[in-house]
Amino acid sequence: MNPHRQSGRAGLHDEEDFVDILEERRRSSDLGHALRTFKPQPYTGALPCSASDLNKSVLESQYLRYMTKEIAMETGSSVEAVKQEACGILEEMSHNLQLGFIRLLGFTLTKVFKRIFSSIHVNMEGLSRLQQAIQECPVILMPSHRSYVDFLIISYILFTYDLPIPVIAAGVPLAGMKMIGEILRRSGAFFIRRGIGSDKLYWAVLSEYVKTIVRKGFAPMEFYVEGLRSRTLKSLKPKLGMMHMVLEPFFKGEVYDITLVPISISYDRVLEESLLAHELLGVPKPKETTMGLLKAARVLQEDYGSMHVNFGHPLSVRQLSQNKINRSQYNLIPRDLPQKPSAETQACTNWLAHLVVRVQEEGSVVSPWSLMACLLLQTPSATLAEEGLAWDQLTQKTLWLRTLALGFGACLNWPGHVPESDVMSSSMALHHSVVQHKRGRVHLVEEKDPAGNRPVSPEEGVLRRAAAVLMVASYRNQALHIFVRPALLVTAIHTTKSTHRDELFAFFCFLQNVFSNEFIFIPDRASEDFEEACSLLRKCGAVQISPQEVAELEAGLQTTCFLQALLQPFIETYQVVLRFLCEEADHVFSEKQLLPAVRSLATRLILSGELHTYEALSSDTQKNVLSALLRLEAVTKLRTTESKYRVNRAAIRRIGDILSGKIPPQMLIAAPDARL
Amino acid sequence: SILLILSQCSVNSSVFTQEIMKWNGWGYSDSRFLFNKKGQAEFTGKRYRLSGMILPSLKDWFEGTFGASLQHKSPATVSAIYIYFFNAVQPPTLNEAFVEDLKSVGIPFSHDAEDRVFRAHGHCLHEIFALREGKVGRVPDLVVWPNCHNDVVKIVELACKHSVCLIPYGGGTSVSSALECPPEETRSIVSLDTSQMNRILWIDEKNLTAHVEAGIIGQDLERLLNENGYCTGHEPDSMEFSSLGGWVATRASGMKKNIYGNIEDLVVHIKMVTPRGVIEKSCLGPRMSTGPDIHHFIMGSEGTLGVVTEVTMKIRPMPEYQKYGSVVFPNFEQGVACLREVARQRCAPASIRLMDNEQFQFGHALKPQVSSIFTSFLDGLKKFYITKFKGFDPHHLCVATLLFEGNREKVLQHEKQVYDIAAKFGGLAAGEDNGQRGYMLTFVIAYLRDLGMDYYVIGESFETSVPWDRVLDICRNVKERIIRECKERGVQFPPLSTCRVTQTYDAGACVYFYFAFNYRGLSDPVHVYERVEHAAREEILANGGSLSHHHGVGKLRKEWMRETLSNVGMGMLKSVKDYVDPNNIFGNRNLL
């Protein structure tokens, strides 16, 4: 099956052929697959390196010896004690990759995957490009992260296709799971603590560990540049700490080049969908335990449709960082001594990380359901829950949106040989947990009590509806990257009511800046993004473009209305938080106080009919607003106490006014957020 | 016309060096590599140990490494006659007044085309390639042969008086475009050939120094001293042709610097004639604290400040005993680790060099035909022992060559110490023969480039110095960069990209790269070559290597001087130049 796609935008992707790797598994023995001869071709020049060799060279490294001494001096403890501590950290961290466990895993995963997925599509060209790249220099696999399933799927595919098994950066909580932690460790996972903060020794051990893996090049390394699993299924702002550790061996000339391979993993339906929505509403994430996992086993009874793993074009760090990094900056300090990354290095790391996320987005395969989700959310939630939306109307709009998305270069997974209505029906069926098709109308499904009771309080009702809306929203989010640039431009046109390119561009930049935690834009590329938005809108007949002007066309009304409405929930949510900070918050507040307070304000506003989007209840969006305000210096973090903030009401009011078009965007541009 | 001038003046016989040298290639005319009718490589002439020998495996190596073929020849298109008799050379722009004054002081000179072309180039690839195609750019308008220091003083005075551009010429072995005449120069350019100033003026046995005229060629200096039981021990790879003055002007380094030191360690006193007058120190004290050492303005000045005329340098009694040696390592990393340890223990032999695997294989291709079945049997046995018994991978192993010198007992002791260290890094002693051949090859390797050029293969070497902790990285990255750049620039065949560590220091090493490729299918091979070399140099600098260890800057590497020395550093050098030579009489435009 070939997903539909428009080829050639930005020259980043060509027509790709996806192959269902489960098909073969359904035909032949699972055990045979697990026990197959495995002879991967490693990076030329790399010698095999066992887990204990790796640990040994980390502990004996000049760098760690230096850091140990320094830390011992600072803390007044003995070098031996610090060394012991480093040993302990390394023990907790280190992988213990064993082929036997990969085989065991291969066997188990085949069983599970065959049960829950109808197919797992992998692009074969991507794999052969990867195979080529692996022989040339150290390779970093950088998948998007939307589900726990991401965690081992890459290893599974590489095992199946005789490519070297990666070592994978994982969060420490996974290590804590009985058995599972150990199984993951033996499948190549190494574990990193969350919130390392200023623990100097931990940073030292981690960075030396990561750099040694890259330098030795005995296995590809896999890590999530987004840092966390995205709860919203939307790309996250990349984290730079790990990225910098990975890149430094190239900057310092310890390897000739490093190849980054962005991998887009897309799901028709995500296993954790309802869990995610609840987390966003403030229901805490269950602790990662083996029992919890077993309890969650019921999710294995369900059908999750198909999954796409798209291996992107390998990116050469050497090529990309040309003229961005002066490598001779490392000449005057001994190799093994720590050196604070220069501003130039930080900017380059930041840029590369964003680039990877962008490539991941472009490679992600969007399902028909995501398009439907975009449209469902543009119907008022109450209507959707109560009266429902006419099926015919939804069908017609979805088909229209399909054309628009393809025009915008989306990579769509819309089967060609099946009647369109069947495609949509089966998408509905797959997502029966949130939507239902009854008597020609589509309804939002709200969660019921086990007893089947109606909600006790109106607030609880809001929460239940919000859970359903956020679930739909997360699937919409999978398609956002296709539309976000044109949507920002349309918002700019509508808000400024101007046709002047300069004014529109200024507002476009303002929006990119405010929403830079919400949507991922490559730094310093605003004008390219703007041009891209212009040209896409022109192509679909929504605007007319001259050197000075961008004017909306009557004929493109459907497009512009859709795009405007797509961003509306975000803009409204930002306004709610801004309003809260201006009107209700104390001068000094903590994040812990902020989230429930905003949630209760939003609930009130929804109940009073003033606010139309349930998405305002998403803690993720609320946190993004906070980050944006910090970046714009409308909120400042207090030095004295951790995670306390001070509000600058005037600045916040100004941002709100710009956002609603009351005043033009001044120079609000703050320093780019490139701290490592 | 040269004969005419000779009849006027008394020119020493060694002006004829030019007669026995190639005009468009390296070294002596009678010595060259060729493929004979049977397709076997041989080295002609009688001058070298390899002369007259057949090299049975060179052809296969040559064709295999470069994808070259004996069927595809690219001989030099132009003979010398064409150049000199068909006016390929621009007629000289003579400064008549200068020439008249020169005649009146009786210093020999020539404006013969052959003499001028011979002194218009060094041995960079682009220079030789152009000559082979009969392309001659700006050449000196006149050649003068001063006979002594005072002659030089007169010439420099006249040059200042008549505004003539002087370019000192020693042995002509420059590989930095230092001898190229600046095309924008409008004054008459005079090549000042020091070859007649080639006497040892005195030997001081009490202080172990010799006072020598700067035009003397390395091998002559060594031979003359040897006759008296002494040596300088300074043996740069070019010592057959390069001159003492040239060594001083480029900060030369010798193979045996571990015992004797580099040129800066060997020099006790220098006399240089500049447009401002003569610069020299007042005594022969072995070390002085008298402000910055003015010798360091002279050394490395690359002919931009004046002409070095006389040098007092250290001499040593000839070594009682010499012994070659070699060690095979399982891989280059181990080899470098061993060299580093040898440097740490400060027990480096007179010379220690580590060749990478490609160069090891290259060295093997240059093995002459063995005379007996027994030797070839032994070779086979050795190979079996190393690869099968010891498990060395023939595609990873590398070899270090060693040269020990001194008192016999100490040499043997020293040898043991070095081999013991090598053993710790998996090194196996591989015999004296391999070592000796390694060093002999240094002298014939330059001839090989001419052979390559007959078959569409061009190449060059370049060098750097780098701290120990970056040696492996720089070797890997530069070699890789060369390979990738070649590919990107359309070179149809994989290039030869190889390196060796040729000197060890306390804080680092000197690394030497060889790079060559088959240029069939390229319209402008020299341009491609230059871009790749440029990229390789950028890579060297990005990896913490120096701009040059001993080749110098010339005009080839000028563009990187500012980033190498800082703005202030450049300003310092510039102000020295401005004071010493305000009218840019020494106008070869090297360095700055």
# chains A, B, ... in the order shown; residues from 1 in each chain; ligands from 1
>>> closest_atom_pairs(of="chain A", to="chain B", cutoff="7 Å", atoms="only C-alpha atoms", output="Markdown table")
| residue | atom | partner | partner_atom | distance |
| --- | --- | --- | --- | --- |
| A:Gly253 | CA | B:Asn543 | CA | 5.9 |
| A:Glu254 | CA | B:Asp473 | CA | 5.5 |
| A:Tyr256 | CA | B:Asn477 | CA | 5.2 |
| A:Arg327 | CA | B:Ala542 | CA | 5.1 |
| A:Ser328 | CA | B:Ala542 | CA | 4.4 |
| A:Asn331 | CA | B:Gly544 | CA | 4.8 |
| A:Arg335 | CA | B:Asp469 | CA | 6.7 |
>>> write_last_selection(atoms="all heavy atoms", output="PDB file, in the first residue's frame")
ATOM      1  N   GLY A 253      36.160  16.937  16.633  1.00  0.00           N
ATOM      2  CA  GLY A 253      36.949  16.189  15.650  1.00  0.00           C
ATOM      3  C   GLY A 253      37.262  14.764  16.058  1.00  0.00           C
ATOM      4  O   GLY A 253      38.111  14.119  15.464  1.00  0.00           O
ATOM      5  N   GLU A 254      36.563  14.257  17.062  1.00  0.00           N
ATOM      6  CA  GLU A 254      36.847  12.885  17.502  1.00  0.00           C
ATOM      7  C   GLU A 254      36.232  11.848  16.569  1.00  0.00           C
ATOM      8  O   GLU A 254      36.611  10.684  16.591  1.00  0.00           O
ATOM      9  CB  GLU A 254      36.335  12.678  18.933  1.00  0.00           C
ATOM     10  CG  GLU A 254      37.134  13.515  19.919  1.00  0.00           C
ATOM     11  CD  GLU A 254      36.467  13.611  21.268  1.00  0.00           C
ATOM     12  OE1 GLU A 254      35.229  13.809  21.322  1.00  0.00           O
ATOM     13  OE2 GLU A 254      37.161  13.487  22.269  1.00  0.00           O
ATOM     14  N   TYR A 256      34.734  11.641  12.302  1.00  0.00           N
ATOM     15  CA  TYR A 256      34.756  12.436  11.081  1.00  0.00           C
ATOM     16  C   TYR A 256      33.428  13.134  10.859  1.00  0.00           C
ATOM     17  O   TYR A 256      33.360  14.289  10.447  1.00  0.00           O
ATOM     18  CB  TYR A 256      35.082  11.559   9.867  1.00  0.00           C
ATOM     19  CG  TYR A 256      35.130  12.372   8.607  1.00  0.00           C
ATOM     20  CD1 TYR A 256      36.229  13.180   8.344  1.00  0.00           C
ATOM     21  CD2 TYR A 256      34.064  12.378   7.713  1.00  0.00           C
ATOM     22  CE1 TYR A 256      36.269  13.974   7.219  1.00  0.00           C
ATOM     23  CE2 TYR A 256      34.104  13.165   6.584  1.00  0.00           C
ATOM     24  CZ  TYR A 256      35.210  13.960   6.334  1.00  0.00           C
ATOM     25  OH  TYR A 256      35.247  14.767   5.222  1.00  0.00           O
ATOM     26  N   ARG A 327      35.301  24.796  14.233  1.00  0.00           N
ATOM     27  CA  ARG A 327      35.754  23.711  15.090  1.00  0.00           C
ATOM     28  C   ARG A 327      37.082  24.018  15.776  1.00  0.00           C
ATOM     29  O   ARG A 327      37.441  23.384  16.755  1.00  0.00           O
ATOM     30  CB  ARG A 327      35.856  22.405  14.284  1.00  0.00           C
ATOM     31  CG  ARG A 327      34.503  21.781  14.022  1.00  0.00           C
ATOM     32  CD  ARG A 327      34.630  20.497  13.237  1.00  0.00           C
ATOM     33  NE  ARG A 327      35.051  20.729  11.878  1.00  0.00           N
ATOM     34  CZ  ARG A 327      35.818  19.906  11.185  1.00  0.00           C
ATOM     35  NH1 ARG A 327      36.259  18.796  11.725  1.00  0.00           N
ATOM     36  NH2 ARG A 327      36.153  20.191   9.939  1.00  0.00           N
ATOM     37  N   SER A 328      37.814  24.999  15.254  1.00  0.00           N
ATOM     38  CA  SER A 328      39.113  25.258  15.877  1.00  0.00           C
ATOM     39  C   SER A 328      38.957  25.946  17.235  1.00  0.00           C
ATOM     40  O   SER A 328      39.940  26.149  17.932  1.00  0.00           O
ATOM     41  CB  SER A 328      40.020  26.049  14.947  1.00  0.00           C
ATOM     42  OG  SER A 328      39.389  27.221  14.537  1.00  0.00           O
ATOM     43  N   ASN A 331      40.723  24.107  19.887  1.00  0.00           N
ATOM     44  CA  ASN A 331      42.149  23.834  19.748  1.00  0.00           C
ATOM     45  C   ASN A 331      42.976  24.121  20.995  1.00  0.00           C
ATOM     46  O   ASN A 331      44.025  23.521  21.186  1.00  0.00           O
ATOM     47  CB  ASN A 331      42.743  24.664  18.604  1.00  0.00           C
ATOM     48  CG  ASN A 331      42.327  24.118  17.254  1.00  0.00           C
ATOM     49  OD1 ASN A 331      41.667  23.090  17.185  1.00  0.00           O
ATOM     50  ND2 ASN A 331      42.694  24.797  16.198  1.00  0.00           N
ATOM     51  N   ARG A 335      41.731  18.023  24.916  1.00  0.00           N
ATOM     52  CA  ARG A 335      40.602  17.206  24.493  1.00  0.00           C
ATOM     53  C   ARG A 335      39.639  16.839  25.600  1.00  0.00           C
ATOM     54  O   ARG A 335      38.439  16.916  25.473  1.00  0.00           O
ATOM     55  CB  ARG A 335      41.175  15.880  23.953  1.00  0.00           C
ATOM     56  CG  ARG A 335      41.429  15.865  22.505  1.00  0.00           C
ATOM     57  CD  ARG A 335      40.152  16.001  21.818  1.00  0.00           C
ATOM     58  NE  ARG A 335      40.288  16.893  20.698  1.00  0.00           N
ATOM     59  CZ  ARG A 335      40.447  16.513  19.463  1.00  0.00           C
ATOM     60  NH1 ARG A 335      40.505  15.250  19.195  1.00  0.00           N
ATOM     61  NH2 ARG A 335      40.540  17.381  18.503  1.00  0.00           N
TER      62      ARG A 335
END
>>> atom_distance(atom1="CA of Ser660 in chain A", atom2="CA of Cys509 in chain A")
14.9 Å
>>> closest_atom_pairs(of="range 182-272 of chain B", to="range 101-120 of chain B", cutoff="10 Å", atoms="only C-alpha atoms", output="JSON lines")
{"residue": "B:Val190", "atom": "CA", "partner": "B:Arg116", "partner_atom": "CA", "distance": 9.2}
{"residue": "B:Ser191", "atom": "CA", "partner": "B:Arg119", "partner_atom": "CA", "distance": 7.0}
{"residue": "B:Leu192", "atom": "CA", "partner": "B:Arg119", "partner_atom": "CA", "distance": 9.3}
{"residue": "B:Asp193", "atom": "CA", "partner": "B:Arg119", "partner_atom": "CA", "distance": 8.3}
>>> residues_around(residues="range 648-655 of chain A", least_positions_apart="6", cutoff="9 Å", atoms="only C-alpha atoms", output="ChimeraX atom specification")
/A:514,578-579,581-583,587,629,632-636,663,665,668
>>> select_by_dssp(residues="range 219-381 of chain A", states="strand (DSSP E or B)", output="list in words")
Met221, Glu222, Thr259, Leu260, Val261, Pro262, Ile263, Ser264, Ile265, Ser266, Tyr267, Ser306, Met307, His308, Val309, Asn310, Phe311, Leu315, Ser316 and Val366 of chain A
>>> select_by_dssp(residues="range 309-484 of chain B", states="alpha helix (DSSP H)", output="ChimeraX atom specification")
/B:332-344,357-365,373-384,408-424,432-453,471-484
>>> residues_around(residues="range 28-34 of chain B", least_positions_apart="2", cutoff="6 Å", atoms="only C-alpha atoms", output="JSON, numbers by chain")
{"B": [20, 21, 22, 41, 42, 43, 44, 45, 451]}
